[in-house]
>>> print(open('run-v7.txt').read())   # compact mmCIF, C-alpha atoms
# COMPACT_ATOMS: atom_id res chain seq x y z
CA MET A 1 -17.54 7.82 -5.59
CA MET A 2 -21.01 6.33 -4.97
CA VAL A 3 -21.88 9.45 -2.96
CA GLU A 4 -25.64 8.86 -2.83
CA GLU A 5 -25.18 5.22 -1.83
CA VAL A 6 -22.71 6.20 0.90
CA LEU A 7 -25.09 8.83 2.27
CA LEU A 8 -27.92 6.31 2.32
CA ALA A 9 -25.73 3.79 4.16
CA LEU A 10 -24.52 6.27 6.78
CA SER A 11 -27.83 8.14 7.02
CA PRO A 12 -26.31 11.12 8.92
CA LEU A 13 -28.80 13.14 10.99
CA PRO A 14 -28.66 16.62 12.54
CA GLY A 15 -26.41 16.78 15.57
CA GLN A 16 -24.57 13.54 14.90
CA LEU A 17 -20.82 12.91 14.99
CA GLN A 18 -19.29 11.40 11.85
CA ILE A 19 -15.77 10.42 10.80
CA ASP A 20 -14.45 10.46 7.24
CA ALA A 21 -11.29 8.38 7.62
CA THR A 22 -10.10 9.11 4.06
CA LEU A 23 -10.96 12.69 3.11
CA GLY A 24 -9.54 12.69 -0.43
CA GLY A 25 -11.20 15.51 -2.33
CA GLY A 26 -13.78 16.12 0.41
CA GLY A 27 -16.84 15.20 -1.65
CA HIS A 28 -18.29 12.79 0.89
CA ALA A 29 -17.41 15.13 3.76
CA VAL A 30 -19.39 18.00 2.23
CA ARG A 31 -22.51 15.90 1.88
CA ILE A 32 -22.20 14.49 5.40
CA LEU A 33 -21.84 17.99 6.90
CA GLU A 34 -24.84 19.18 4.94
CA ALA A 35 -26.87 16.26 6.27
CA ASN A 36 -25.89 16.57 9.94
CA ALA A 37 -26.42 20.35 10.04
CA PRO A 38 -26.94 22.56 11.89
CA ASP A 39 -24.91 21.25 14.82
CA GLY A 40 -23.45 17.92 13.76
CA ARG A 41 -19.68 17.59 13.46
CA LEU A 42 -17.25 15.69 11.26
CA LEU A 43 -13.70 14.52 11.90
CA GLY A 44 -11.74 14.13 8.67
CA LEU A 45 -8.48 12.18 8.37
CA ASP A 46 -6.06 11.83 5.52
CA ALA A 47 -2.40 10.82 5.33
CA ASP A 48 -1.92 13.16 2.36
CA GLN A 49 -1.06 16.73 3.38
CA ALA A 50 -2.27 18.00 0.00
CA ALA A 51 -5.69 16.50 0.70
CA ILE A 52 -5.85 18.19 4.10
CA ALA A 53 -4.93 21.56 2.60
CA ARG A 54 -7.49 21.15 -0.15
CA CYS A 55 -10.25 20.17 2.27
CA GLU A 56 -9.44 22.98 4.70
CA ASP A 57 -10.41 25.33 1.91
CA ARG A 58 -13.38 23.32 0.65
CA LEU A 59 -14.87 22.76 4.12
CA SER A 60 -14.15 26.23 5.50
CA ALA A 61 -17.80 27.22 5.08
CA PHE A 62 -18.72 24.70 7.79
CA GLY A 63 -16.51 26.45 10.36
CA GLY A 64 -15.82 24.57 13.58
CA ARG A 65 -18.13 21.73 12.61
CA ALA A 66 -15.29 20.23 10.53
CA THR A 67 -12.13 19.06 12.30
CA LEU A 68 -9.33 17.92 9.97
CA ARG A 69 -6.26 15.94 10.97
CA ARG A 70 -3.34 14.70 8.91
CA ALA A 71 -3.11 11.04 9.89
CA ASN A 72 -3.28 7.57 8.42
CA PHE A 73 -6.50 5.81 9.37
CA GLU A 74 -4.48 3.26 11.32
CA HIS A 75 -4.40 5.98 14.02
CA ILE A 76 -8.16 6.59 13.95
CA ALA A 77 -8.66 5.66 17.61
CA GLU A 78 -6.00 8.04 18.94
CA VAL A 79 -7.01 10.92 16.67
CA ALA A 80 -10.69 10.49 17.51
CA ALA A 81 -9.97 10.47 21.25
CA SER A 82 -7.85 13.62 21.07
CA SER A 83 -10.48 15.40 18.95
CA GLY A 84 -13.56 14.71 21.05
CA PHE A 85 -15.00 11.94 18.88
CA GLU A 86 -14.94 9.05 21.37
CA ARG A 87 -18.43 7.78 20.43
CA VAL A 88 -19.65 8.47 16.92
CA ASP A 89 -22.67 7.79 14.71
CA GLY A 90 -20.97 6.96 11.44
CA ILE A 91 -17.55 6.19 9.94
CA LEU A 92 -16.57 6.09 6.28
CA PHE A 93 -13.50 4.50 4.68
CA ASP A 94 -13.06 5.30 0.97
CA LEU A 95 -10.01 3.20 0.15
CA GLY A 96 -9.43 4.41 -3.40
CA LEU A 97 -7.08 6.94 -4.96
CA SER A 98 -8.40 10.44 -5.50
CA SER A 99 -8.39 12.10 -8.90
CA PHE A 100 -6.13 14.78 -7.39
CA GLN A 101 -3.48 12.19 -6.57
CA LEU A 102 -3.65 10.74 -10.07
CA ALA A 103 -3.28 14.19 -11.57
CA ASP A 104 -0.25 15.12 -9.45
CA ASP A 105 2.75 14.40 -11.66
CA ALA A 106 5.11 14.50 -8.68
CA ARG A 107 3.49 11.47 -7.01
CA GLY A 108 3.79 8.84 -9.75
CA PHE A 109 0.27 7.40 -9.43
CA SER A 110 -0.49 7.85 -13.13
CA PHE A 111 1.10 5.56 -15.72
CA ARG A 112 1.93 8.61 -17.84
CA SER A 113 3.67 10.50 -15.06
CA VAL A 114 7.23 11.58 -15.83
CA GLY A 115 7.70 12.71 -12.23
CA PRO A 116 9.24 10.56 -9.47
CA LEU A 117 7.84 7.05 -8.95
CA ASP A 118 6.79 7.67 -5.36
CA LEU A 119 3.29 6.18 -4.77
CA ARG A 120 3.20 7.17 -1.08
CA PHE A 121 0.13 8.85 0.37
CA ASP A 122 2.38 10.46 3.00
CA ALA A 123 5.74 11.37 1.47
CA SER A 124 7.27 11.78 4.94
CA GLN A 125 6.77 8.11 5.82
CA GLY A 126 8.47 4.97 4.52
CA ARG A 127 10.33 4.65 1.24
CA ALA A 128 9.25 5.56 -2.28
CA ALA A 129 8.41 2.86 -4.82
CA SER A 130 11.47 3.78 -6.88
CA GLU A 131 13.70 3.08 -3.86
CA LEU A 132 11.97 -0.25 -3.26
CA LEU A 133 12.58 -1.30 -6.87
CA ALA A 134 16.19 -0.16 -6.71
CA THR A 135 17.07 -2.27 -3.66
CA ALA A 136 14.73 -5.28 -3.42
CA GLU A 137 15.82 -8.72 -4.58
CA GLU A 138 14.12 -10.21 -7.64
CA GLY A 139 12.29 -12.76 -5.50
CA GLU A 140 10.98 -10.07 -3.15
CA ILE A 141 9.67 -7.99 -6.04
CA ALA A 142 7.96 -11.01 -7.59
CA HIS A 143 6.39 -11.89 -4.23
CA LEU A 144 5.04 -8.35 -3.82
CA LEU A 145 3.53 -8.38 -7.30
CA ARG A 146 1.86 -11.74 -6.73
CA THR A 147 0.66 -11.01 -3.20
CA ASN A 148 -0.42 -7.37 -3.50
CA GLY A 149 -1.33 -7.26 -7.18
CA GLU A 150 -2.38 -10.82 -8.01
CA GLU A 151 -0.13 -10.39 -11.06
CA PRO A 152 0.19 -13.66 -13.06
CA HIS A 153 3.38 -12.41 -14.75
CA ALA A 154 5.08 -11.40 -11.49
CA ARG A 155 8.30 -13.32 -12.06
CA ARG A 156 8.71 -12.00 -15.62
CA ILE A 157 8.17 -8.39 -14.52
CA ALA A 158 10.53 -8.74 -11.54
CA ARG A 159 13.25 -10.18 -13.77
CA ALA A 160 12.86 -7.29 -16.22
CA ILE A 161 13.03 -4.71 -13.39
CA VAL A 162 16.28 -6.19 -12.05
CA GLU A 163 17.76 -6.36 -15.55
CA GLN A 164 16.77 -2.75 -16.24
CA ARG A 165 18.29 -1.36 -13.06
CA ARG A 166 21.68 -2.87 -13.92
CA HIS A 167 21.87 -0.23 -16.65
CA ARG A 168 19.72 2.57 -15.23
CA PRO A 169 17.37 2.78 -12.23
CA ILE A 170 13.63 3.07 -12.80
CA GLU A 171 12.81 6.56 -11.54
CA THR A 172 9.44 7.53 -13.07
CA ALA A 173 6.00 5.99 -13.38
CA ALA A 174 6.16 6.25 -17.16
CA GLU A 175 9.41 4.25 -17.24
CA LEU A 176 7.91 1.46 -15.13
CA ALA A 177 4.69 1.39 -17.17
CA ALA A 178 6.66 1.14 -20.42
CA LEU A 179 8.79 -1.70 -19.03
CA VAL A 180 5.72 -3.71 -17.99
CA GLU A 181 4.08 -3.15 -21.38
CA ARG A 182 7.17 -4.57 -23.07
CA VAL A 183 7.21 -7.82 -21.11
CA VAL A 184 3.53 -8.53 -20.39
CA PRO A 185 0.98 -9.59 -23.03
CA PRO A 186 -1.74 -6.94 -23.52
CA PRO A 187 -4.95 -7.57 -21.54
CA ARG A 188 -7.79 -9.28 -23.37
CA GLY A 189 -11.49 -8.68 -23.28
CA ARG A 190 -13.81 -5.75 -23.74
CA ARG A 191 -12.68 -3.83 -20.65
CA ARG A 192 -8.99 -3.58 -21.28
CA THR A 193 -6.96 -2.21 -18.42
CA HIS A 194 -3.36 -1.08 -18.67
CA SER A 195 -0.80 -3.89 -18.49
CA ALA A 196 0.85 -2.20 -15.52
CA THR A 197 -2.32 -1.79 -13.42
CA ARG A 198 -1.58 -4.74 -11.14
CA THR A 199 2.09 -3.78 -10.79
CA PHE A 200 1.27 -0.22 -9.70
CA GLN A 201 -1.39 -1.52 -7.32
CA ALA A 202 1.06 -3.94 -5.73
CA LEU A 203 3.76 -1.31 -5.23
CA ARG A 204 1.32 1.28 -3.88
CA ILE A 205 -0.03 -1.24 -1.37
CA ALA A 206 3.50 -2.14 -0.32
CA VAL A 207 4.85 1.36 0.26
CA ASN A 208 1.72 2.45 2.12
CA ARG A 209 1.23 -0.83 4.06
CA GLU A 210 -2.43 -0.68 3.03
CA LEU A 211 -3.37 -4.29 3.69
CA ASP A 212 -1.38 -4.38 6.92
CA VAL A 213 -3.17 -1.48 8.60
CA LEU A 214 -6.72 -2.04 7.33
CA PRO A 215 -7.85 -4.87 9.69
CA ALA A 216 -6.81 -3.02 12.84
CA ALA A 217 -8.33 0.22 11.55
CA LEU A 218 -11.68 -1.49 10.95
CA ALA A 219 -11.61 -2.98 14.45
CA ALA A 220 -10.80 0.42 15.97
CA ALA A 221 -13.60 2.03 13.99
CA LEU A 222 -16.12 -0.51 15.26
CA ASP A 223 -15.08 0.26 18.84
CA LEU A 224 -15.72 3.97 18.19
CA LEU A 225 -19.30 3.45 16.99
CA ARG A 226 -22.14 3.89 19.43
CA PRO A 227 -25.04 1.37 19.20
CA GLY A 228 -26.93 2.17 16.02
CA GLY A 229 -23.85 3.82 14.49
CA ARG A 230 -22.93 2.85 10.97
CA LEU A 231 -19.75 1.79 9.19
CA ALA A 232 -19.40 2.17 5.41
CA VAL A 233 -16.38 1.01 3.39
CA LEU A 234 -15.66 1.59 -0.30
CA ALA A 235 -13.06 -0.83 -1.72
CA TYR A 236 -11.68 -0.95 -5.24
CA HIS A 237 -9.87 -4.26 -5.56
CA SER A 238 -10.45 -7.79 -4.33
CA LEU A 239 -7.68 -7.79 -1.72
CA GLU A 240 -9.15 -4.85 0.21
CA ASP A 241 -12.72 -5.98 -0.32
CA ARG A 242 -11.91 -9.47 0.96
CA ILE A 243 -10.55 -8.03 4.23
CA VAL A 244 -13.66 -5.88 4.68
CA LYS A 245 -16.00 -8.74 3.81
CA ARG A 246 -14.36 -11.13 6.26
CA PHE A 247 -14.25 -8.53 9.04
CA MET A 248 -17.93 -7.70 8.73
CA ALA A 249 -18.93 -11.35 8.42
CA ALA A 250 -17.02 -12.23 11.59
CA GLU A 251 -18.61 -9.37 13.52
CA ARG A 252 -22.08 -10.34 12.29
CA ARG A 253 -21.49 -13.94 13.38
CA GLY A 254 -20.14 -13.22 16.85
CA CYS A 255 -19.28 -16.65 18.20
CA VAL A 256 -15.88 -18.01 17.13
CA CYS A 257 -16.10 -21.38 18.85
CA PRO A 258 -15.30 -24.51 16.82
CA PRO A 259 -18.48 -26.08 15.40
CA THR A 260 -17.67 -29.29 17.28
CA LEU A 261 -18.45 -27.65 20.64
CA PRO A 262 -22.04 -28.28 21.81
CA VAL A 263 -22.34 -24.80 23.40
CA CYS A 264 -20.61 -21.45 22.98
CA VAL A 265 -17.75 -20.86 25.41
CA CYS A 266 -16.17 -17.76 23.80
CA GLY A 267 -18.99 -15.46 24.91
CA ARG A 268 -18.77 -13.30 21.77
CA SER A 269 -22.02 -11.78 20.53
CA PRO A 270 -22.67 -10.31 17.09
CA ARG A 271 -21.67 -6.65 16.95
CA LEU A 272 -22.80 -5.76 13.41
CA ARG A 273 -25.75 -6.26 11.12
CA ALA A 274 -25.53 -5.72 7.36
CA ILE A 275 -27.21 -2.73 5.71
CA GLY A 276 -28.48 -2.82 2.16
CA PRO A 277 -27.12 -5.03 -0.63
CA THR A 278 -23.76 -6.61 0.16
CA PRO A 279 -21.80 -5.47 -1.66
CA GLY A 280 -23.34 -2.43 -3.30
CA PHE A 281 -22.23 -1.41 -6.78
CA PRO A 282 -22.11 1.90 -8.67
CA THR A 283 -24.90 2.63 -11.10
CA ASP A 284 -24.43 2.34 -14.85
CA ALA A 285 -24.88 6.12 -15.04
CA GLU A 286 -21.99 6.75 -12.64
CA ILE A 287 -19.73 4.31 -14.48
CA ALA A 288 -20.56 6.04 -17.77
CA THR A 289 -19.46 9.41 -16.41
CA ASN A 290 -16.59 8.05 -14.29
CA PRO A 291 -15.13 4.76 -15.61
CA ARG A 292 -12.90 4.48 -12.51
CA ALA A 293 -16.07 3.77 -10.50
CA ARG A 294 -16.59 0.38 -12.16
CA SER A 295 -14.41 -1.42 -9.60
CA ALA A 296 -16.03 0.16 -6.51
CA ARG A 297 -17.68 -2.09 -3.92
CA LEU A 298 -19.60 -0.67 -0.96
CA ARG A 299 -20.16 -2.64 2.23
CA ALA A 300 -22.08 -1.15 5.15
CA ALA A 301 -23.17 -2.34 8.57
CA GLU A 302 -24.81 -1.05 11.75
CA ARG A 303 -23.38 -1.41 15.26
CA LEU A 304 -25.51 -3.52 17.54
CA ALA A 305 -25.99 -2.86 21.24
CA ALA A 306 -23.41 -4.51 23.46
>>> encode(input="run-v7.txt", output="structure tokens")
Amino acid sequence: MMVEEVLLALSPLPGQLQIDATLGGGGHAVRILEANAPDGRLLGLDADQAAIARCEDRLSAFGGRATLRRANFEHIAEVAASSGFERVDGILFDLGLSSFQLADDARGFSFRSVGPLDLRFDASQGRAASELLATAEEGEIAHLLRTNGEEPHARRIARAIVEQRRHRPIETAAELAALVERVVPPPRGRRRTHSATRTFQALRIAVNRELDVLPAALAAALDLLRPGGRLAVLAYHSLEDRIVKRFMAAERRGCVCPPTLPVCVCGRSPRLRAIGPTPGFPTDAEIATNPRARSARLRAAERLAA
């Protein structure tokens, strides 16, 4: 997604160290390794074992220049330290789903999936979305849908889920999507999204703790960057993008003293400066070939000297 824009933001050079904190299909990683050749290296992280296996094959041509680790990006600091990437020149977070995950019927990311309603990036951690829906109280479900999905019909959907599970548990993505379609008015406007989009987003965020781990991961990434190093983040919904926006704005501002104080006493200096348009958007051409790109927002910044 937005590969050319990401490469421009990171501007990898020969010999540099880069981190792709969300490997996915490996598309960004390939271009970064091509750009930092012949001796630059890349550390790639992903919580999804299938993504690691896929990228091991795709990046094999780069030999020892590519180091891949199965890990959630919340552990970026520890993984970087153990892999020899203590000070790096660029870090990328692509926070979206990969097309491979959507196509995997056993994961439940697609509305049409008749496989288990899982929604976890790492199936060995936490509980599946189907388990959450089978055990959570109606109020908890409604709160998750409102908080993580900004769903205006959260209470109606939660009530329908609890009513449904009295007769039969919701076990597949297709079952959940059909339930939401029955109780939620169809979206209006020219760009009609599926009625269950916000519900699936909310559950995916919940089971993967996406909003919980992102702030600390961004802070850890900033600490890993050497002066002049660059941070690029692709977000696909307002909740993620808001966290990224606020983090970068705070690090550009530096001082956190109340405006009533005549002088700064916190001693914080700005640690980032913005790069390029904020945010950056996909081109019309990319959206035409990949409609999923329409929600992408790219924010990038450069680490200032301490």
>>> closest_residue(input="run-v7.txt", among="A:Leu45, A:Glu181, A:Pro14, A:Ala134", to="His167 of chain A", atoms="all atoms listed in the file")
A:Ala134
>>> closest_residue(input="run-v7.txt", among="A:Arg31, A:Arg54, A:Arg226, A:Arg204", to="Gly90 of chain A", atoms="all atoms listed in the file")
A:Arg226
>>> atom_distance(input="run-v7.txt", atom1="atom CA of Ala300 of chain A", atom2="atom CA of Ile275 of chain A")
5.4 Å
>>> closest_residue(input="run-v7.txt", among="A:Leu203, A:Leu68, A:Ala158, A:Leu7", to="Glu140 of chain A", atoms="all atoms listed in the file")
A:Ala158
>>> closest_residue(input="run-v7.txt", among="A:Val3, A:Leu17, A:Ala47, A:Leu8", to="Pro277 of chain A", atoms="all atoms listed in the file")
A:Leu8
>>> atom_distance(input="run-v7.txt", atom1="atom CA of Thr67 of chain A", atom2="atom CA of Leu224 of chain A")
16.6 Å
>>> residues_near_point(input="run-v7.txt", point="(5.0, 10.7, -3.3)", cutoff="7 Å", atoms="all atoms listed in the file", output="PyMOL selection string")
chain A and resi 106-108+118-123+128
>>> write_last_selection(input="run-v7.txt", atoms="C-alpha atoms", output="PDB file, in the coordinates of the input")
ATOM      1  CA  ALA A 106       5.110  14.500  -8.680  1.00  0.00           C
ATOM      2  CA  ARG A 107       3.490  11.470  -7.010  1.00  0.00           C
ATOM      3  CA  GLY A 108       3.790   8.840  -9.750  1.00  0.00           C
ATOM      4  CA  ASP A 118       6.790   7.670  -5.360  1.00  0.00           C
ATOM      5  CA  LEU A 119       3.290   6.180  -4.770  1.00  0.00           C
ATOM      6  CA  ARG A 120       3.200   7.170  -1.080  1.00  0.00           C
ATOM      7  CA  PHE A 121       0.130   8.850   0.370  1.00  0.00           C
ATOM      8  CA  ASP A 122       2.380  10.460   3.000  1.00  0.00           C
ATOM      9  CA  ALA A 123       5.740  11.370   1.470  1.00  0.00           C
ATOM     10  CA  ALA A 128       9.250   5.560  -2.280  1.00  0.00           C
TER      11      ALA A 128
END
>>> decode(input="run-v7.txt", residues="segment 141-178 of chain A", atoms="N, CA and C atoms", output="JSON list (two decimals), in the first residue's frame")
[["chain", "number", "residue", "atom", "x", "y", "z"],
["A", 141, "ILE", "N", -20.10, -5.91, 24.97],
["A", 141, "ILE", "CA", -20.05, -5.97, 23.51],
["A", 141, "ILE", "C", -20.39, -4.61, 22.91],
["A", 142, "ALA", "N", -21.45, -3.99, 23.42],
["A", 142, "ALA", "CA", -21.84, -2.67, 22.91],
["A", 142, "ALA", "C", -20.73, -1.65, 23.11],
["A", 143, "HIS", "N", -20.07, -1.70, 24.27],
["A", 143, "HIS", "CA", -18.97, -0.77, 24.55],
["A", 143, "HIS", "C", -17.82, -0.98, 23.56],
["A", 144, "LEU", "N", -17.48, -2.24, 23.28],
["A", 144, "LEU", "CA", -16.41, -2.53, 22.33],
["A", 144, "LEU", "C", -16.75, -1.99, 20.94],
["A", 145, "LEU", "N", -17.98, -2.18, 20.52],
["A", 145, "LEU", "CA", -18.38, -1.73, 19.19],
["A", 145, "LEU", "C", -18.35, -0.21, 19.09],
["A", 146, "ARG", "N", -18.76, 0.46, 20.15],
["A", 146, "ARG", "CA", -18.73, 1.93, 20.14],
["A", 146, "ARG", "C", -17.30, 2.46, 20.20],
["A", 147, "THR", "N", -16.50, 1.87, 21.10],
["A", 147, "THR", "CA", -15.16, 2.39, 21.35],
["A", 147, "THR", "C", -14.18, 2.04, 20.22],
["A", 148, "ASN", "N", -14.19, 0.79, 19.78],
["A", 148, "ASN", "CA", -13.22, 0.34, 18.79],
["A", 148, "ASN", "C", -13.72, 0.45, 17.35],
["A", 149, "GLY", "N", -15.03, 0.56, 17.17],
["A", 149, "GLY", "CA", -15.56, 0.62, 15.81],
["A", 149, "GLY", "C", -16.33, 1.88, 15.50],
["A", 150, "GLU", "N", -16.54, 2.73, 16.51],
["A", 150, "GLU", "CA", -17.35, 3.94, 16.33],
["A", 150, "GLU", "C", -18.68, 3.60, 15.65],
["A", 151, "GLU", "N", -19.26, 2.47, 16.10],
["A", 151, "GLU", "CA", -20.50, 1.95, 15.51],
["A", 151, "GLU", "C", -21.71, 2.62, 16.14],
["A", 152, "PRO", "N", -22.51, 3.39, 15.37],
["A", 152, "PRO", "CA", -23.67, 4.07, 15.95],
["A", 152, "PRO", "C", -24.79, 3.13, 16.38],
["A", 153, "HIS", "N", -24.80, 1.90, 15.85],
["A", 153, "HIS", "CA", -25.84, 0.94, 16.19],
["A", 153, "HIS", "C", -25.32, -0.14, 17.14],
["A", 154, "ALA", "N", -24.35, 0.23, 17.97],
["A", 154, "ALA", "CA", -23.67, -0.74, 18.84],
["A", 154, "ALA", "C", -24.63, -1.49, 19.73],
["A", 155, "ARG", "N", -25.55, -0.78, 20.39],
["A", 155, "ARG", "CA", -26.46, -1.44, 21.31],
["A", 155, "ARG", "C", -27.37, -2.42, 20.58],
["A", 156, "ARG", "N", -27.86, -2.04, 19.41],
["A", 156, "ARG", "CA", -28.75, -2.91, 18.64],
["A", 156, "ARG", "C", -28.02, -4.19, 18.21],
["A", 157, "ILE", "N", -26.78, -4.05, 17.77],
["A", 157, "ILE", "CA", -26.00, -5.21, 17.33],
["A", 157, "ILE", "C", -25.70, -6.12, 18.52],
["A", 158, "ALA", "N", -25.28, -5.52, 19.64],
["A", 158, "ALA", "CA", -24.97, -6.31, 20.84],
["A", 158, "ALA", "C", -26.18, -7.10, 21.32],
["A", 159, "ARG", "N", -27.35, -6.46, 21.28],
["A", 159, "ARG", "CA", -28.57, -7.15, 21.71],
["A", 159, "ARG", "C", -28.86, -8.33, 20.79],
["A", 160, "ALA", "N", -28.67, -8.14, 19.48],
["A", 160, "ALA", "CA", -28.93, -9.22, 18.53],
["A", 160, "ALA", "C", -27.94, -10.37, 18.71],
["A", 161, "ILE", "N", -26.68, -10.06, 19.02],
["A", 161, "ILE", "CA", -25.67, -11.09, 19.25],
["A", 161, "ILE", "C", -26.04, -11.95, 20.47],
["A", 162, "VAL", "N", -26.44, -11.30, 21.55],
["A", 162, "VAL", "CA", -26.81, -12.03, 22.77],
["A", 162, "VAL", "C", -28.06, -12.87, 22.53],
["A", 163, "GLU", "N", -29.02, -12.33, 21.80],
["A", 163, "GLU", "CA", -30.23, -13.09, 21.48],
["A", 163, "GLU", "C", -29.90, -14.30, 20.61],
["A", 164, "GLN", "N", -29.01, -14.11, 19.63],
["A", 164, "GLN", "CA", -28.64, -15.20, 18.74],
["A", 164, "GLN", "C", -27.94, -16.34, 19.49],
["A", 165, "ARG", "N", -27.05, -16.00, 20.40],
["A", 165, "ARG", "CA", -26.27, -17.05, 21.05],
["A", 165, "ARG", "C", -27.10, -17.86, 22.04],
["A", 166, "ARG", "N", -28.28, -17.38, 22.40],
["A", 166, "ARG", "CA", -29.17, -18.19, 23.23],
["A", 166, "ARG", "C", -29.63, -19.44, 22.49],
["A", 167, "HIS", "N", -29.67, -19.35, 21.17],
["A", 167, "HIS", "CA", -30.12, -20.47, 20.34],
["A", 167, "HIS", "C", -28.92, -21.23, 19.75],
["A", 168, "ARG", "N", -27.94, -20.46, 19.28],
["A", 168, "ARG", "CA", -26.77, -21.08, 18.65],
["A", 168, "ARG", "C", -25.62, -20.07, 18.64],
["A", 169, "PRO", "N", -24.43, -20.47, 19.05],
["A", 169, "PRO", "CA", -23.31, -19.51, 19.08],
["A", 169, "PRO", "C", -22.92, -19.05, 17.68],
["A", 170, "ILE", "N", -22.41, -17.85, 17.60],
["A", 170, "ILE", "CA", -21.91, -17.32, 16.33],
["A", 170, "ILE", "C", -20.48, -17.82, 16.15],
["A", 171, "GLU", "N", -20.26, -18.65, 15.15],
["A", 171, "GLU", "CA", -18.97, -19.32, 15.00],
["A", 171, "GLU", "C", -18.19, -18.89, 13.76],
["A", 172, "THR", "N", -18.84, -18.30, 12.77],
["A", 172, "THR", "CA", -18.15, -17.94, 11.53],
["A", 172, "THR", "C", -18.34, -16.45, 11.24],
["A", 173, "ALA", "N", -17.42, -15.93, 10.41],
["A", 173, "ALA", "CA", -17.52, -14.54, 9.99],
["A", 173, "ALA", "C", -18.79, -14.30, 9.19],
["A", 174, "ALA", "N", -19.14, -15.24, 8.34],
["A", 174, "ALA", "CA", -20.35, -15.08, 7.52],
["A", 174, "ALA", "C", -21.60, -14.99, 8.38],
["A", 175, "GLU", "N", -21.66, -15.76, 9.47],
["A", 175, "GLU", "CA", -22.81, -15.70, 10.37],
["A", 175, "GLU", "C", -22.92, -14.33, 11.04],
["A", 176, "LEU", "N", -21.79, -13.80, 11.49],
["A", 176, "LEU", "CA", -21.81, -12.50, 12.14],
["A", 176, "LEU", "C", -22.19, -11.41, 11.14],
["A", 177, "ALA", "N", -21.61, -11.46, 9.94],
["A", 177, "ALA", "CA", -21.92, -10.45, 8.92],
["A", 177, "ALA", "C", -23.40, -10.47, 8.58],
["A", 178, "ALA", "N", -23.99, -11.65, 8.46],
["A", 178, "ALA", "CA", -25.41, -11.76, 8.13],
["A", 178, "ALA", "C", -26.27, -11.20, 9.26]]
